[in-house]
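Student: Here you go, structure-v3.cif (mmCIF, C-alpha atoms):
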data_work
#
loop_
_atom_site.label_atom_id
_atom_site.label_comp_id
_atom_site.auth_asym_id
_atom_site.auth_seq_id
_atom_site.Cartn_x
_atom_site.Cartn_y
_atom_site.Cartn_z
CA MET A 12 -106.67 254.75 114.16
CA PRO A 13 -108.15 253.00 117.22
CA SER A 14 -111.18 250.87 116.57
CA THR A 15 -113.32 253.17 118.76
CA TYR A 16 -113.08 255.89 116.15
CA LYS A 17 -115.82 256.10 113.57
CA THR A 18 -114.88 255.53 109.96
CA TYR A 19 -115.38 258.42 107.55
CA LYS A 20 -118.65 258.58 105.67
CA GLY A 21 -118.83 255.92 102.96
CA ALA A 22 -116.14 253.64 104.37
CA SER A 23 -116.97 250.10 105.31
CA ALA A 24 -116.82 249.43 109.04
CA THR A 25 -117.09 245.67 108.52
CA PRO A 26 -114.01 243.94 109.98
CA ARG A 27 -111.94 241.94 107.52
CA PRO A 28 -112.23 238.19 108.14
CA ARG A 29 -109.14 236.16 108.93
CA LYS A 30 -107.49 233.75 106.54
CA ASP A 31 -108.65 230.18 106.23
CA LEU A 32 -107.88 227.02 104.27
CA ALA A 33 -110.15 227.99 101.39
CA LEU A 34 -107.87 230.92 100.56
CA GLY A 35 -104.79 228.70 100.55
CA ALA A 36 -106.55 226.16 98.31
CA MET A 37 -107.60 228.87 95.86
CA ALA A 38 -104.09 230.31 95.81
CA ALA A 39 -102.71 226.87 94.93
CA LEU A 40 -105.20 226.56 92.06
CA VAL A 41 -104.32 230.06 90.82
CA LEU A 42 -100.64 229.15 90.93
CA VAL A 43 -101.34 226.36 88.42
CA LEU A 44 -103.62 228.53 86.26
CA PRO A 45 -100.92 229.63 83.76
CA PHE A 46 -100.16 225.94 82.98
CA SER A 47 -103.73 224.61 83.17
CA GLN A 48 -104.39 224.38 79.42
CA ALA A 49 -101.22 222.32 78.88
CA LEU A 50 -101.96 219.78 81.63
CA PRO A 51 -102.76 216.20 80.59
CA GLY A 52 -106.47 215.69 79.99
CA THR A 53 -107.29 213.88 83.23
CA VAL A 54 -105.16 216.22 85.36
CA ARG A 55 -106.77 219.26 83.73
CA LEU A 56 -110.21 217.82 84.44
CA VAL A 57 -109.32 217.25 88.10
CA TRP A 58 -107.95 220.79 88.37
CA ASN A 59 -111.14 222.29 86.91
CA VAL A 60 -113.37 220.15 89.12
CA ALA A 61 -111.31 221.19 92.16
CA ILE A 62 -112.24 224.83 91.49
CA PHE A 63 -115.95 224.05 91.44
CA VAL A 64 -115.72 221.80 94.51
CA LEU A 65 -114.04 224.67 96.34
CA PHE A 66 -116.82 227.01 95.23
CA LEU A 67 -119.44 224.58 96.56
CA ILE A 68 -117.66 224.13 99.89
CA CYS A 69 -117.44 227.88 100.31
CA LEU A 70 -121.15 228.22 99.52
CA LEU A 71 -122.15 225.47 101.97
CA THR A 72 -120.04 227.05 104.72
CA TRP A 73 -121.36 230.48 103.75
CA LYS A 74 -117.96 231.83 102.77
CA VAL A 75 -119.42 234.25 100.27
CA ARG A 76 -119.59 238.00 99.97
CA ARG A 77 -121.58 240.29 97.70
CA PRO A 78 -119.50 241.41 94.69
CA ILE A 79 -119.90 244.45 92.51
CA GLY A 80 -123.06 244.10 90.44
CA GLY A 81 -124.59 241.45 92.71
CA GLY A 82 -128.06 241.64 91.15
CA TRP A 83 -126.57 241.51 87.67
CA TRP A 84 -124.98 238.15 88.40
CA ALA A 85 -128.35 236.73 89.46
CA ALA A 86 -129.77 237.68 86.05
CA VAL A 87 -126.71 236.24 84.27
CA SER A 88 -127.07 232.97 86.21
CA GLY A 89 -130.70 232.60 85.15
CA LEU A 90 -129.86 233.33 81.52
CA VAL A 91 -127.14 230.67 81.52
CA ILE A 92 -129.60 228.05 82.81
CA ILE A 93 -132.09 229.01 80.10
CA SER A 94 -129.32 228.75 77.51
CA VAL A 95 -128.16 225.30 78.60
CA VAL A 96 -131.71 223.96 78.41
CA SER A 97 -132.75 225.69 75.19
CA SER A 98 -129.62 224.81 73.17
CA SER A 99 -129.36 221.19 74.34
CA GLY A 100 -131.57 219.85 71.55
CA SER A 101 -129.04 220.73 68.83
CA ALA A 102 -125.85 219.69 70.65
CA GLU A 103 -123.61 217.13 68.96
CA SER A 104 -122.51 215.79 72.36
CA LEU A 105 -125.10 216.29 75.09
CA THR A 106 -122.65 215.24 77.83
CA ALA A 107 -120.04 217.78 76.76
CA HIS A 108 -122.73 220.40 76.31
CA ILE A 109 -124.01 219.95 79.87
CA PHE A 110 -120.49 219.88 81.33
CA ILE A 111 -119.48 223.13 79.61
CA GLY A 112 -122.78 224.72 80.58
CA ALA A 113 -122.17 223.69 84.20
CA GLN A 114 -118.69 225.22 84.08
CA ILE A 115 -120.03 228.56 82.87
CA TRP A 116 -122.83 228.48 85.44
CA PHE A 117 -120.43 227.83 88.32
CA PHE A 118 -118.17 230.68 87.21
CA VAL A 119 -120.94 233.27 86.87
CA THR A 120 -123.13 232.13 89.78
CA LEU A 121 -120.79 231.12 92.61
CA GLY A 122 -117.49 232.54 91.35
CA PRO A 123 -118.12 236.28 91.93
CA PHE A 124 -119.38 235.72 95.48
CA VAL A 125 -116.72 233.19 96.55
CA ILE A 126 -113.75 235.02 95.05
CA ARG A 127 -115.00 238.29 96.53
CA TYR A 128 -115.02 236.65 99.96
CA LEU A 129 -111.55 235.14 99.55
CA ALA A 130 -110.09 238.42 98.31
CA SER A 131 -111.62 240.23 101.29
CA LEU A 132 -109.76 238.04 103.78
CA ASP A 133 -106.77 239.60 105.47
CA GLY A 134 -104.14 239.64 102.71
CA GLY A 135 -106.37 237.53 100.45
CA ALA A 136 -106.13 239.60 97.28
CA ARG A 137 -102.39 239.95 97.74
CA LEU A 138 -101.91 236.19 98.15
CA LEU A 139 -103.94 235.40 95.03
CA GLY A 140 -102.01 238.02 93.08
CA ILE A 141 -98.63 236.70 94.22
CA ALA A 142 -99.62 233.12 93.35
CA PHE A 143 -100.61 234.22 89.85
CA LEU A 144 -97.42 236.28 89.38
CA ILE A 145 -95.23 233.34 90.39
CA GLY A 146 -96.98 230.87 88.12
CA GLN A 147 -97.11 233.17 85.11
CA SER A 148 -93.52 234.37 85.54
CA ILE A 149 -92.39 230.73 85.43
CA SER A 150 -94.35 230.26 82.21
CA SER A 151 -92.93 233.50 80.77
CA SER A 152 -89.39 232.41 81.69
CA ALA A 153 -90.01 229.18 79.80
CA ALA A 154 -91.11 231.26 76.80
CA ILE A 155 -87.82 233.17 76.89
CA ALA A 156 -85.93 229.87 77.02
CA GLN A 157 -87.90 228.68 73.99
CA THR A 158 -86.75 231.70 72.00
CA SER A 159 -83.23 230.26 72.09
CA GLY A 160 -84.45 226.94 70.72
CA ILE A 161 -84.85 225.11 74.04
CA SER A 162 -87.87 222.86 74.52
CA THR A 163 -89.49 223.17 77.96
CA PHE A 164 -91.66 220.27 79.12
CA ASN A 165 -92.21 219.23 75.50
CA GLN A 166 -93.35 222.74 74.58
CA ALA A 167 -91.40 224.82 72.08
CA VAL A 168 -91.78 227.66 69.60
CA LEU A 169 -94.88 227.01 67.46
CA LEU A 170 -94.84 228.51 63.96
CA GLY A 171 -92.51 231.28 65.09
CA ARG A 172 -94.42 231.93 68.34
CA ALA A 173 -93.40 231.01 71.89
CA THR A 174 -95.94 229.10 73.98
CA GLY A 175 -94.29 229.19 77.41
CA LEU A 176 -95.99 226.60 79.59
CA ALA A 177 -99.46 227.75 78.54
CA GLY A 178 -99.94 225.31 75.67
CA HIS A 179 -100.90 228.02 73.17
CA PRO A 180 -99.32 231.38 72.21
CA ASN A 181 -102.58 233.30 72.66
CA VAL A 182 -103.11 231.96 76.19
CA LEU A 183 -99.53 232.92 77.04
CA GLY A 184 -100.13 236.37 75.59
CA LEU A 185 -103.31 236.97 77.59
CA LEU A 186 -101.81 235.90 80.91
CA ALA A 187 -98.47 237.62 80.31
CA GLY A 188 -100.36 240.81 79.46
CA MET A 189 -102.31 240.58 82.72
CA THR A 190 -99.05 240.16 84.60
CA VAL A 191 -97.62 243.22 82.87
CA LEU A 192 -100.62 245.24 84.11
CA ILE A 193 -100.27 243.99 87.69
CA LEU A 194 -96.53 244.65 87.78
CA THR A 195 -96.88 248.07 86.18
CA ALA A 196 -99.43 249.04 88.84
CA ALA A 197 -97.08 247.77 91.53
CA VAL A 198 -94.03 249.59 90.16
CA VAL A 199 -95.66 252.99 89.63
CA GLY A 200 -97.46 252.80 92.97
CA ARG A 201 -94.48 251.83 95.09
CA SER A 202 -91.77 254.12 96.42
CA GLY A 203 -89.41 251.49 97.86
CA ARG A 204 -87.14 248.94 96.20
CA LYS A 205 -88.50 247.84 92.84
CA LEU A 206 -85.69 245.78 91.31
CA VAL A 207 -87.49 242.41 91.54
CA LEU A 208 -90.70 243.93 90.19
CA VAL A 209 -88.88 245.53 87.25
CA ILE A 210 -87.11 242.25 86.42
CA LEU A 211 -90.42 240.35 86.46
CA LEU A 212 -91.97 243.09 84.32
CA LEU A 213 -89.18 242.70 81.78
CA VAL A 214 -89.61 238.91 81.74
CA ASN A 215 -93.33 239.13 81.06
CA VAL A 216 -93.04 241.91 78.46
CA THR A 217 -90.50 239.71 76.66
CA ALA A 218 -92.89 236.74 76.79
CA LEU A 219 -95.75 238.90 75.53
CA ILE A 220 -93.72 239.92 72.49
CA ALA A 221 -92.31 236.43 71.94
CA CYS A 222 -95.77 234.82 71.83
CA GLY A 223 -96.61 236.92 68.78
CA SER A 224 -100.26 237.37 69.81
CA VAL A 225 -101.30 240.64 68.22
CA SER A 226 -104.69 240.55 69.96
CA SER A 227 -102.96 240.15 73.34
CA MET A 228 -100.61 243.04 72.64
CA ILE A 229 -103.48 245.32 71.60
CA ALA A 230 -105.55 244.25 74.63
CA THR A 231 -102.57 244.91 76.92
CA LEU A 232 -102.18 248.40 75.48
CA VAL A 233 -105.88 249.02 76.18
CA GLY A 234 -105.39 247.86 79.77
CA ILE A 235 -102.26 249.99 80.20
CA LEU A 236 -104.12 253.06 78.95
CA VAL A 237 -107.00 252.47 81.38
CA LEU A 238 -104.53 251.88 84.22
CA LEU A 239 -102.49 255.02 83.57
CA VAL A 240 -105.53 257.25 83.15
CA SER A 241 -107.36 255.84 86.19
CA ARG A 242 -104.28 256.04 88.41
CA ARG A 243 -103.40 259.52 87.12
CA VAL A 244 -99.89 258.15 86.53
CA PRO A 245 -97.23 260.68 85.47
CA LEU A 246 -94.91 260.17 82.50
CA LYS A 247 -92.64 257.76 84.36
CA GLY A 248 -95.15 254.96 83.77
CA PRO A 249 -95.15 255.13 79.94
CA VAL A 250 -91.40 255.73 79.94
CA LEU A 251 -90.81 252.61 82.05
CA LEU A 252 -93.00 250.48 79.81
CA SER A 253 -91.34 251.80 76.66
CA ALA A 254 -87.94 250.99 78.11
CA ALA A 255 -89.08 247.48 79.07
CA ALA A 256 -90.49 246.88 75.57
CA ALA A 257 -87.26 248.11 73.94
CA ALA A 258 -85.18 245.90 76.22
CA ALA A 259 -87.44 242.92 75.45
CA LEU A 260 -87.02 243.42 71.71
CA TRP A 261 -83.25 243.63 72.15
CA ILE A 262 -83.23 240.41 74.20
CA LEU A 263 -85.25 238.57 71.57
CA SER A 264 -83.09 239.80 68.72
CA THR A 265 -79.97 238.72 70.63
CA VAL A 266 -81.11 235.35 71.96
CA ALA A 267 -83.35 233.97 69.21
CA PRO A 268 -81.65 232.10 66.35
CA GLU A 269 -82.27 233.47 62.86
CA GLY A 270 -85.77 232.63 61.62
CA LEU A 271 -86.98 231.01 64.86
CA LEU A 272 -89.33 233.79 65.94
CA ARG A 273 -91.63 236.17 64.11
CA GLY A 274 -91.23 239.70 65.38
CA PRO A 275 -94.19 241.99 66.14
CA LEU A 276 -94.06 243.74 62.75
CA GLU A 277 -93.90 240.44 60.88
CA ARG A 278 -96.80 239.11 62.94
CA ILE A 279 -98.88 242.20 62.13
CA ARG A 280 -98.15 241.72 58.44
CA GLN A 281 -99.14 238.05 58.68
CA VAL A 282 -102.32 238.77 60.63
CA THR A 283 -103.40 241.38 58.10
CA GLY A 284 -102.63 239.15 55.10
CA GLN A 285 -99.51 240.92 53.84
CA THR A 286 -97.41 237.74 53.71
CA SER A 287 -97.67 234.34 52.06
CA ASN A 288 -98.95 232.84 55.32
CA VAL A 289 -102.63 232.47 56.16
CA SER A 290 -104.13 235.72 57.46
CA THR A 291 -105.43 235.02 60.95
CA LEU A 292 -107.58 238.13 60.72
CA ASP A 293 -109.32 236.65 57.67
CA VAL A 294 -109.82 233.36 59.56
CA ARG A 295 -111.43 235.21 62.45
CA GLU A 296 -113.68 237.17 60.13
CA GLN A 297 -114.76 233.95 58.41
CA THR A 298 -115.68 232.31 61.73
CA VAL A 299 -117.68 235.37 62.78
CA GLN A 300 -119.44 235.48 59.40
CA TYR A 301 -120.33 231.79 59.70
CA ALA A 302 -121.66 232.32 63.22
CA TRP A 303 -123.69 235.35 62.15
CA GLU A 304 -125.31 233.40 59.33
CA GLY A 305 -126.20 230.67 61.84
CA ILE A 306 -127.64 233.27 64.24
CA GLN A 307 -129.80 234.70 61.46
CA ARG A 308 -131.21 231.24 60.75
CA ASP A 309 -131.94 230.57 64.43
CA PRO A 310 -131.46 233.55 66.77
CA TRP A 311 -133.21 231.90 69.73
CA PHE A 312 -131.92 228.47 70.68
CA GLY A 313 -128.29 228.06 69.60
CA ARG A 314 -126.29 225.12 68.28
CA GLY A 315 -125.01 223.64 71.57
CA LEU A 316 -122.10 224.53 73.83
CA ASP A 317 -119.83 221.57 73.08
CA HIS A 318 -116.82 221.98 70.81
CA LEU A 319 -118.21 219.95 67.90
CA SER A 320 -121.39 222.02 67.81
CA GLY A 321 -119.34 225.20 67.64
CA LEU A 322 -117.20 224.33 64.61
CA THR A 323 -117.49 226.81 61.76
CA GLY A 324 -117.05 226.50 57.98
CA ASP A 325 -113.62 224.80 57.97
CA GLN A 326 -114.89 222.22 60.52
CA ARG A 327 -111.80 222.88 62.65
CA THR A 328 -112.18 226.35 64.13
CA VAL A 329 -114.75 227.74 66.56
CA THR A 330 -116.00 231.32 66.45
CA HIS A 331 -113.26 233.75 67.47
CA SER A 332 -115.43 236.37 69.15
CA VAL A 333 -117.04 235.81 72.52
CA MET A 334 -120.17 237.81 71.73
CA PHE A 335 -120.87 235.96 68.49
CA ARG A 336 -119.80 232.55 69.83
CA THR A 337 -122.08 232.73 72.87
CA TRP A 338 -125.08 233.76 70.77
CA PHE A 339 -124.30 231.22 68.03
CA GLN A 340 -123.81 228.25 70.36
CA GLY A 341 -125.88 229.18 73.39
CA GLY A 342 -128.70 231.08 71.77
CA LEU A 343 -130.04 234.51 72.63
CA ALA A 344 -130.04 233.77 76.38
CA LEU A 345 -126.28 233.18 76.56
CA GLY A 346 -125.63 236.11 74.23
CA LEU A 347 -127.58 238.35 76.61
CA ALA A 348 -125.70 236.90 79.59
CA TYR A 349 -122.34 237.83 78.10
CA ALA A 350 -123.66 241.21 76.96
CA THR A 351 -124.70 241.89 80.56
CA ILE A 352 -121.19 241.08 81.79
CA ALA A 353 -119.71 243.30 79.07
CA VAL A 354 -121.92 246.22 80.15
CA LEU A 355 -120.85 245.70 83.78
CA ILE A 356 -117.18 245.73 82.77
CA LEU A 357 -117.69 248.88 80.71
CA TRP A 358 -119.43 250.57 83.64
CA ILE A 359 -116.63 249.66 86.05
CA THR A 360 -114.01 250.91 83.58
CA LEU A 361 -115.72 254.25 82.95
CA ARG A 362 -116.27 254.74 86.67
CA ALA A 363 -112.60 254.02 87.37
CA ILE A 364 -111.49 256.53 84.76
CA ARG A 365 -113.87 259.18 86.07
CA ARG A 366 -113.22 258.68 89.77
CA GLY A 367 -109.57 257.71 89.69
CA ARG A 368 -110.04 254.51 91.69
CA ASP A 369 -110.17 250.73 91.14
CA ALA A 370 -107.59 251.31 88.41
CA LEU A 371 -106.01 247.84 88.36
CA ALA A 372 -109.37 246.06 88.40
CA ALA A 373 -110.65 248.21 85.52
CA ALA A 374 -107.42 247.67 83.57
CA LEU A 375 -107.59 243.88 83.92
CA LEU A 376 -111.28 243.77 83.03
CA SER A 377 -110.93 246.05 80.01
CA MET A 378 -107.96 244.05 78.76
CA THR A 379 -109.82 240.73 79.08
CA ALA A 380 -112.90 242.17 77.39
CA SER A 381 -110.78 243.52 74.53
CA PHE A 382 -109.01 240.19 74.10
CA SER A 383 -112.28 238.26 74.07
CA LEU A 384 -113.56 240.23 71.07
CA THR A 385 -111.24 238.17 68.84
CA SER A 386 -110.71 235.04 70.93
CA ALA A 387 -112.44 231.68 71.26
CA ALA A 388 -112.86 231.97 75.04
CA LEU A 389 -116.05 230.49 76.44
CA GLU A 390 -115.71 228.27 79.53
CA GLN A 391 -111.95 228.28 80.10
CA ALA A 392 -110.69 228.94 83.61
CA TYR A 393 -107.76 231.03 82.35
CA TYR A 394 -110.41 233.45 81.04
CA TRP A 395 -112.85 233.43 83.98
CA VAL A 396 -110.64 233.27 87.07
CA PRO A 397 -108.76 236.53 86.28
CA ILE A 398 -112.10 238.23 85.59
CA LEU A 399 -113.46 237.06 88.96
CA VAL A 400 -110.32 238.15 90.83
CA ALA A 401 -110.39 241.56 89.11
CA LEU A 402 -114.06 241.99 90.02
CA SER A 403 -113.26 241.12 93.63
CA LEU A 404 -110.90 244.10 93.80
CA VAL A 405 -113.84 246.46 93.33
CA ASP A 406 -115.51 247.06 96.70
CA PRO A 407 -119.27 247.51 96.14
CA THR A 408 -119.94 248.66 99.72
CA ARG A 409 -117.99 251.88 99.56
CA SER A 410 -119.18 255.20 98.29
CA ARG A 411 -116.62 257.51 96.80
CA PRO A 412 -113.64 257.57 99.17
CA ASP A 413 -112.08 260.29 97.06
CA SER A 414 -114.91 262.75 97.68
CA GLU A 415 -113.89 266.31 98.42
CA GLU A 416 -115.05 266.10 102.05
CA ALA A 417 -113.11 262.90 102.73
CA ARG A 418 -109.95 264.28 101.13
CA ARG A 419 -110.27 267.54 103.06
CA LEU A 420 -110.76 265.77 106.41
CA GLN A 421 -107.86 263.39 105.72
CA ARG A 422 -105.56 266.30 104.83
CA ARG A 423 -106.51 268.16 107.99
CA LEU A 424 -105.90 265.07 110.11
CA ALA A 425 -102.57 264.44 108.38
CA THR A 426 -101.34 267.95 109.27
CA ALA A 427 -101.20 266.80 112.88
CA VAL A 428 -103.69 269.07 114.57
CA ARG A 429 -101.98 270.13 117.78
CA ASP A 430 -104.98 271.41 119.71
CA GLU A 431 -106.43 268.43 121.60
CA PRO A 432 -110.05 269.66 121.74
CA GLN A 433 -109.96 270.50 118.02
CA ARG A 434 -108.58 267.03 117.28
CA GLY A 435 -111.45 265.49 119.21
CA LYS A 436 -113.98 267.42 117.15
CA LEU A 437 -112.29 266.38 113.94
CA VAL A 438 -112.14 262.71 114.88
CA SER A 439 -115.80 262.72 115.84
CA ARG A 440 -116.62 263.85 112.29
CA LEU A 441 -114.69 260.88 110.92
#
Would you mind writing the structure in this file as structure tokens?

Tutor:
Amino acid sequence: MPSTYKTYKGASATPRPRKDLALGAMAALVLVLPFSQALPGTVRLVWNVAIFVLFLICLLTWKVRRPIGGGWWAAVSGLVIISVVSSSGSAESLTAHIFIGAQIWFFVTLGPFVIRYLASLDGGARLLGIAFLIGQSISSSAAIAQTSGISTFNQAVLLGRATGLAGHPNVLGLLAGMTVLILTAAVVGRSGRKLVLVILLLVNVTALIACGSVSSMIATLVGILVLLVSRRVPLKGPVLLSAAAAAALWILSTVAPEGLLRGPLERIRQVTGQTSNVSTLDVREQTVQYAWEGIQRDPWFGRGLDHLSGLTGDQRTVTHSVMFRTWFQGGLALGLAYATIAVLILWITLRAIRRGRDALAAALLSMTASFSLTSAALEQAYYWVPILVALSLVDPTRSRPDSEEARRLQRRLATAVRDEPQRGKLVSRL
């Protein structure tokens, strides 16, 4: 439609900015995201600092845009600052405490506005998504290679669980699950050639199963459910995913040597304490119980954000629940900050289900939120960057584009009104 035409009521008339170097830099950082936890210490530090430097540059050059829940993020930012100050007195390592607090603050203060701007550039969201898909598919391919006993970059199967290039099975599971959601949305929403997408979907489903992360599998199922309901996807979506899962199980049973991997059923039995191995569910419950006892003793100020301050009863494991960990280590202020983000994610998800829009964003957010209920995530980029990108896919400036009036006008325009005067009247209403 020519630019002289008015947009329909509720649509944003703001022109999309052109690409710039900041988008390319962010895409390069996202490409490395799936391997970031396995990078050598100094390299990982440089990679993390590069993200925050990019955020600062974008802020100084005013490359920011209001995200969904803009006012909410201002409140979250203030709560994080209060938390860093109030919990500093109990921190085992003040330097590490301040550094982790700064990481969280950058992610929740600058991240939503910068990533929203970058995603709004012409092709920005697509470029970030492609960069992530490439990086994670490489990591998932490495996981499949590990199932046959091959070591990839000094990473191999760990206690019957593939790690890919992520450094930990749970990180691989989270990122592979996100990739499954993105590819599923692309496959069910595309009518053209899908062979490459289906192959990548199969690779990442296989990696998700091979990592043995039960929490990632459950979180992915939650995301898939939100995606299918929000997109009003017919039965072909669940059928495709079921076929991919069956094919992945067949590949693993064919490729993996006897006893190398633990299948999904064996992992569920281990997690729930039905085998001779340590029950990871019991371990998680113990960390949460320890954190809750600490919260009851001091619900206000927290223990400190550094790793040593967060150790629980076994003096090796931090709290495996984001809500309890933030309250335990960062005090009530950080607990409220994360609760605010959780409420925002829930609101976006329910709105997507009700309105049938923003399906992929809601699926990614609901999956990450579900995963974080039993994970040790706090300041990690592999946790925050996908959340920020998913949030950037939700346009806060639009009212409902699927309103009855908009749909009716679009249908009438699509029927190719032949009468020129009538067409002029119709276009003027748009």

Student: Would you pick out the contacts of Leu316 in chain A at 7 Å or less, using only C-alpha atoms, so that residues sharing its chain but fewer than 6 positions from it are not included, and give the list as an MDAnalysis selection string?

Tutor: chainID A and resid 102 108 111:112 340:341

Student: Would you write out, as a PyMOL selection string, every residue that the PyMOL selection byres ((chain A and resi 44-52) around 7) captures in this file?

Tutor: chain A and resi 40-43+53-56+146-147+150+176-178+186+393

Student: Could you tell me how far CA of Gly324 in chain A lies from CA of Arg172 in chain A, in Å and to one decimal?

Tutor: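 Interatomic distance here is 25.5 Å.
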
Student: Counting only C-alpha atoms, figure out which residue out of A:Ile115, A:Ala255, A:Ala344, A:Ile193 gets nearest to Ala370 in chain A.

Tutor: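 Smallest distance to Ala370 in chain A is found for A:Ile193.
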
Student: For Arg362 in chain A, which residue among A:Ala380, A:Val240, A:Leu252, A:Ala61 is the nearest when counting all atoms listed in the file?

Tutor: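 Residue with the minimum atom-to-atom distance to Arg362 in chain A: A:Val240.
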
Student: Quick one: which residues end up in the PyMOL selection byres ((chain A and resi 377) around 8) for this structure, as a count of residues only?

Tutor: 15

Student: Can you spell out as an NGL selection string the set of residues that the PyMOL selection byres ((chain A and resi 157) around 12) selects in the structure I just provided?

Tutor: :A and (150-156 or 158-169 or 171-176 or 180 or 217-218 or 221-222 or 263 or 266-268 or 271-272)

Student: A:Leu219, A:Leu213, A:Leu292, A:Leu345: which is nearest Val96 in chain A, counting all atoms listed in the file?

Tutor: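 That would be A:Leu345, the residue with the smallest distance to Val96 in chain A.
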
Student: A:Arg314, A:His331, A:Arg280, A:Pro275: which is nearest Thr298 in chain A, counting all atoms listed in the file?

Tutor: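 Among A:Arg314, A:His331, A:Arg280, A:Pro275, it is A:His331 that comes nearest to Thr298 in chain A.
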
Student: Restricting the calculation to all atoms listed in the file: of A:Val333, A:Leu192, A:Val95, A:Ala36, which residue gets closest to Tyr394 in chain A?

Tutor: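 For Tyr394 in chain A, the nearest of the given residues is A:Val333.
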
Student: What does the distance from CA of Ile68 in chain A to CA of Ala33 in chain A come to in Å, to one decimal?

Tutor: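 Taking CA of Ile68 in chain A and CA of Ala33 in chain A, their separation equals 8.6 Å.
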
Student: What is the CA of Tyr128 in chain A to CA of Val396 in chain A distance in Å?

Tutor: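 A separation of 14.0 Å between them.
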
Student: Compare A:Gly35, A:Pro123, A:Gly342, A:Gly367 by their minimum atom-to-atom distance to Phe66 in chain A, counting only C-alpha atoms, and give me the closest one.

Tutor: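 So, comparing all the options, the nearest one is A:Pro123.
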
Student: Near Gln307 in chain A, counting only C-alpha atoms, which residues have an atom at most 12 Å away, once you skip same-chain residues fewer than 5 positions from it, shown as a PyMOL selection string?

Tutor: chain A and resi 300-302+312-313+335+338-339+342-343

Student: Report as a PDB file with C-alpha atoms, in the coordinates of the input all protein, DNA and RNA residues lying within 10 Å of Leu399 in chain A, evaluated on only C-alpha atoms, omitting residues in the same chain fewer than 3 positions from it.

Tutor:
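Result file is selection_21.pdb:
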ATOM      1  CA  PRO A  78    -119.500 241.410  94.690  1.00  0.00           C
ATOM      2  CA  PHE A 118    -118.170 230.680  87.210  1.00  0.00           C
ATOM      3  CA  VAL A 119    -120.940 233.270  86.870  1.00  0.00           C
ATOM      4  CA  GLY A 122    -117.490 232.540  91.350  1.00  0.00           C
ATOM      5  CA  PRO A 123    -118.120 236.280  91.930  1.00  0.00           C
ATOM      6  CA  PHE A 124    -119.380 235.720  95.480  1.00  0.00           C
ATOM      7  CA  VAL A 125    -116.720 233.190  96.550  1.00  0.00           C
ATOM      8  CA  ILE A 126    -113.750 235.020  95.050  1.00  0.00           C
ATOM      9  CA  ARG A 127    -115.000 238.290  96.530  1.00  0.00           C
ATOM     10  CA  ALA A 372    -109.370 246.060  88.400  1.00  0.00           C
ATOM     11  CA  LEU A 376    -111.280 243.770  83.030  1.00  0.00           C
ATOM     12  CA  TYR A 394    -110.410 233.450  81.040  1.00  0.00           C
ATOM     13  CA  TRP A 395    -112.850 233.430  83.980  1.00  0.00           C
ATOM     14  CA  VAL A 396    -110.640 233.270  87.070  1.00  0.00           C
ATOM     15  CA  LEU A 402    -114.060 241.990  90.020  1.00  0.00           C
ATOM     16  CA  SER A 403    -113.260 241.120  93.630  1.00  0.00           C
ATOM     17  CA  LEU A 404    -110.900 244.100  93.800  1.00  0.00           C
TER      18      LEU A 404
END

Student: Would you list the residues near (-116.3, 232.9, 58.9), meaning any protein, DNA or RNA residue with an atom at most 12 Å from that point in file coordinates, counting only C-alpha atoms, as a ChimeraX atom specification?

Tutor: /A:291-305,322-332,335-336
